[in-house]
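Engineer: Take a look at the following structure, please.
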Amino acid sequence: MLDSLIDPFRRITDFRTRSRRRDYWLFIAWQVPIVLGALLLGINLMPREDSAAALLGAPLLYVAIFGLPTLALQVRRLHDADKSGWWWLVSLIPYLGVGWLIYLMCLPGTWGDNRFGSDPRQTWQG
């Protein structure tokens, strides 16, 4: 289970292959309590007059730590559904973009090989 948090950091520069839905959503599930915990910790440790700095600092810290691994994982997830990684840019469209990206992240992967590599669900049996 901890591997679902560590693997995206190991594969931080892998924008060519495929990743499963389970891998993506487990990584997102790890991020939620980490970000909320960091935000609460920042708010509680900061003096009251600097609580706005904690609210701004938490997202910046999040992007610094999780930004590139999440982007690489999203691209691999899109590849698993046989979509170009450039579909990630749809998330930049105001209001609808993030919802559409979530929809794309929920799509099932293609069975067997596709143009981005072998099916990550299949294990080699030799």
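Chain lettering (A, B, ...) mirrors the order of the structure tokens, residue numbering begins at 1 for each chain separately, and ligand numbering begins at 1 in order of display.
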For Ser4 (chain A), work out the shell of residues within 9 Å, counting only C-alpha atoms and skipping chain neighbours fewer than 3 positions away, then give it as an mmCIF file with N, CA, C and O atoms, in the first residue's frame.

Structural biologist:
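The result, written out as part_23.cif:
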```cif
data_model
loop_
_atom_site.group_PDB
_atom_site.id
_atom_site.type_symbol
_atom_site.label_atom_id
_atom_site.label_comp_id
_atom_site.auth_asym_id
_atom_site.auth_seq_id
_atom_site.Cartn_x
_atom_site.Cartn_y
_atom_site.Cartn_z
ATOM 1 N N MET A 1 0.820 -1.194 0.000
ATOM 2 C CA MET A 1 0.000 0.000 0.000
ATOM 3 C C MET A 1 0.869 1.265 0.000
ATOM 4 O O MET A 1 0.562 2.208 -0.695
ATOM 5 N N ASP A 7 5.871 4.936 -5.592
ATOM 6 C CA ASP A 7 6.091 4.641 -7.007
ATOM 7 C C ASP A 7 6.012 5.868 -7.918
ATOM 8 O O ASP A 7 6.855 6.025 -8.803
ATOM 9 N N PRO A 8 5.043 6.777 -7.758
ATOM 10 C CA PRO A 8 5.035 7.961 -8.627
ATOM 11 C C PRO A 8 6.294 8.830 -8.486
ATOM 12 O O PRO A 8 6.699 9.477 -9.451
ATOM 13 N N ARG A 22 -6.126 2.255 -10.526
ATOM 14 C CA ARG A 22 -5.886 2.010 -9.100
ATOM 15 C C ARG A 22 -4.655 2.770 -8.627
ATOM 16 O O ARG A 22 -4.676 3.399 -7.566
ATOM 17 N N ASP A 23 -3.587 2.763 -9.406
ATOM 18 C CA ASP A 23 -2.359 3.471 -9.026
ATOM 19 C C ASP A 23 -2.613 4.974 -8.891
ATOM 20 O O ASP A 23 -2.131 5.614 -7.957
ATOM 21 N N TYR A 24 -3.361 5.511 -9.824
ATOM 22 C CA TYR A 24 -3.649 6.948 -9.792
ATOM 23 C C TYR A 24 -4.482 7.322 -8.573
ATOM 24 O O TYR A 24 -4.129 8.233 -7.819
ATOM 25 N N LEU A 26 -5.084 5.701 -5.771
ATOM 26 C CA LEU A 26 -4.407 5.482 -4.485
ATOM 27 C C LEU A 26 -3.433 6.612 -4.187
ATOM 28 O O LEU A 26 -3.315 7.062 -3.044
ATOM 29 N N PHE A 27 -2.725 7.088 -5.222
ATOM 30 C CA PHE A 27 -1.807 8.207 -5.026
ATOM 31 C C PHE A 27 -2.581 9.461 -4.623
ATOM 32 O O PHE A 27 -2.166 10.191 -3.715
ATOM 33 N N TRP A 30 -3.641 9.213 -1.006
ATOM 34 C CA TRP A 30 -2.552 9.528 -0.078
ATOM 35 C C TRP A 30 -2.385 11.033 0.074
ATOM 36 O O TRP A 30 -2.056 11.536 1.145
#
```

Engineer: Determine, using only C-alpha atoms, which residues of region 6-45 of chain A have any atom at most 9 Å from an atom of region 97-121 of chain A, and tabulate each with its shortest atom pair and distance in Å to one decimal place, rows ordered by chain and then rising number, as CSV.

Structural biologist:
```
residue,atom,partner,partner_atom,distance
A:Arg16,CA,A:Phe116,CA,6.5
A:Thr17,CA,A:Phe116,CA,5.5
A:Arg18,CA,A:Pro120,CA,6.6
A:Ser19,CA,A:Pro120,CA,6.3
A:Arg20,CA,A:Pro120,CA,6.4
A:Arg21,CA,A:Cys106,CA,6.8
A:Tyr24,CA,A:Met105,CA,7.9
A:Trp25,CA,A:Met105,CA,8.6
```

Engineer: To one decimal place, how far is CA of Trp87 (chain A) from CA of Val75 (chain A) in Å?

Structural biologist: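 So the answer is 8.1 Å.
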
Engineer: Taking 6 positions as the minimum chain separation for residues in the same chain, which residues sit within 12 Å of Gln31 (chain A) when counting only C-alpha atoms? Answer as a ChimeraX atom specification.

Structural biologist: /A:4-6,8,24-25,37-39,59,62-63,65-67,69-70

Engineer: Give me a file of those residues, with C-alpha atoms, as a JSON list (two decimals), in the first residue's frame.

Structural biologist:
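Output file part.json follows:
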```json
[["chain", "number", "residue", "atom", "x", "y", "z"],
["A", 4, "SER", "CA", 1.30, 3.48, -4.19],
["A", 5, "LEU", "CA", 2.74, 6.65, -2.61],
["A", 6, "ILE", "CA", 6.38, 5.98, -3.44],
["A", 8, "PRO", "CA", 5.03, 7.96, -8.63],
["A", 24, "TYR", "CA", -3.65, 6.95, -9.79],
["A", 25, "TRP", "CA", -6.50, 6.99, -7.28],
["A", 37, "GLY", "CA", -2.56, 17.67, 7.72],
["A", 38, "ALA", "CA", 0.05, 20.10, 6.42],
["A", 39, "LEU", "CA", -2.57, 22.82, 6.12],
["A", 59, "PRO", "CA", -0.66, 24.89, -1.86],
["A", 62, "TYR", "CA", 1.97, 20.80, -2.26],
["A", 63, "VAL", "CA", 2.84, 21.75, -5.85],
["A", 65, "ILE", "CA", 6.37, 18.16, -3.65],
["A", 66, "PHE", "CA", 3.54, 16.46, -5.56],
["A", 67, "GLY", "CA", 3.26, 18.51, -8.78],
["A", 69, "PRO", "CA", 4.84, 13.12, -9.86],
["A", 70, "THR", "CA", 1.11, 13.82, -10.22]]
```

Engineer: Check the DSSP output for the backbone and give back, as a count of residues only, the residues of chain A in alpha helix (DSSP H).

Structural biologist: 74
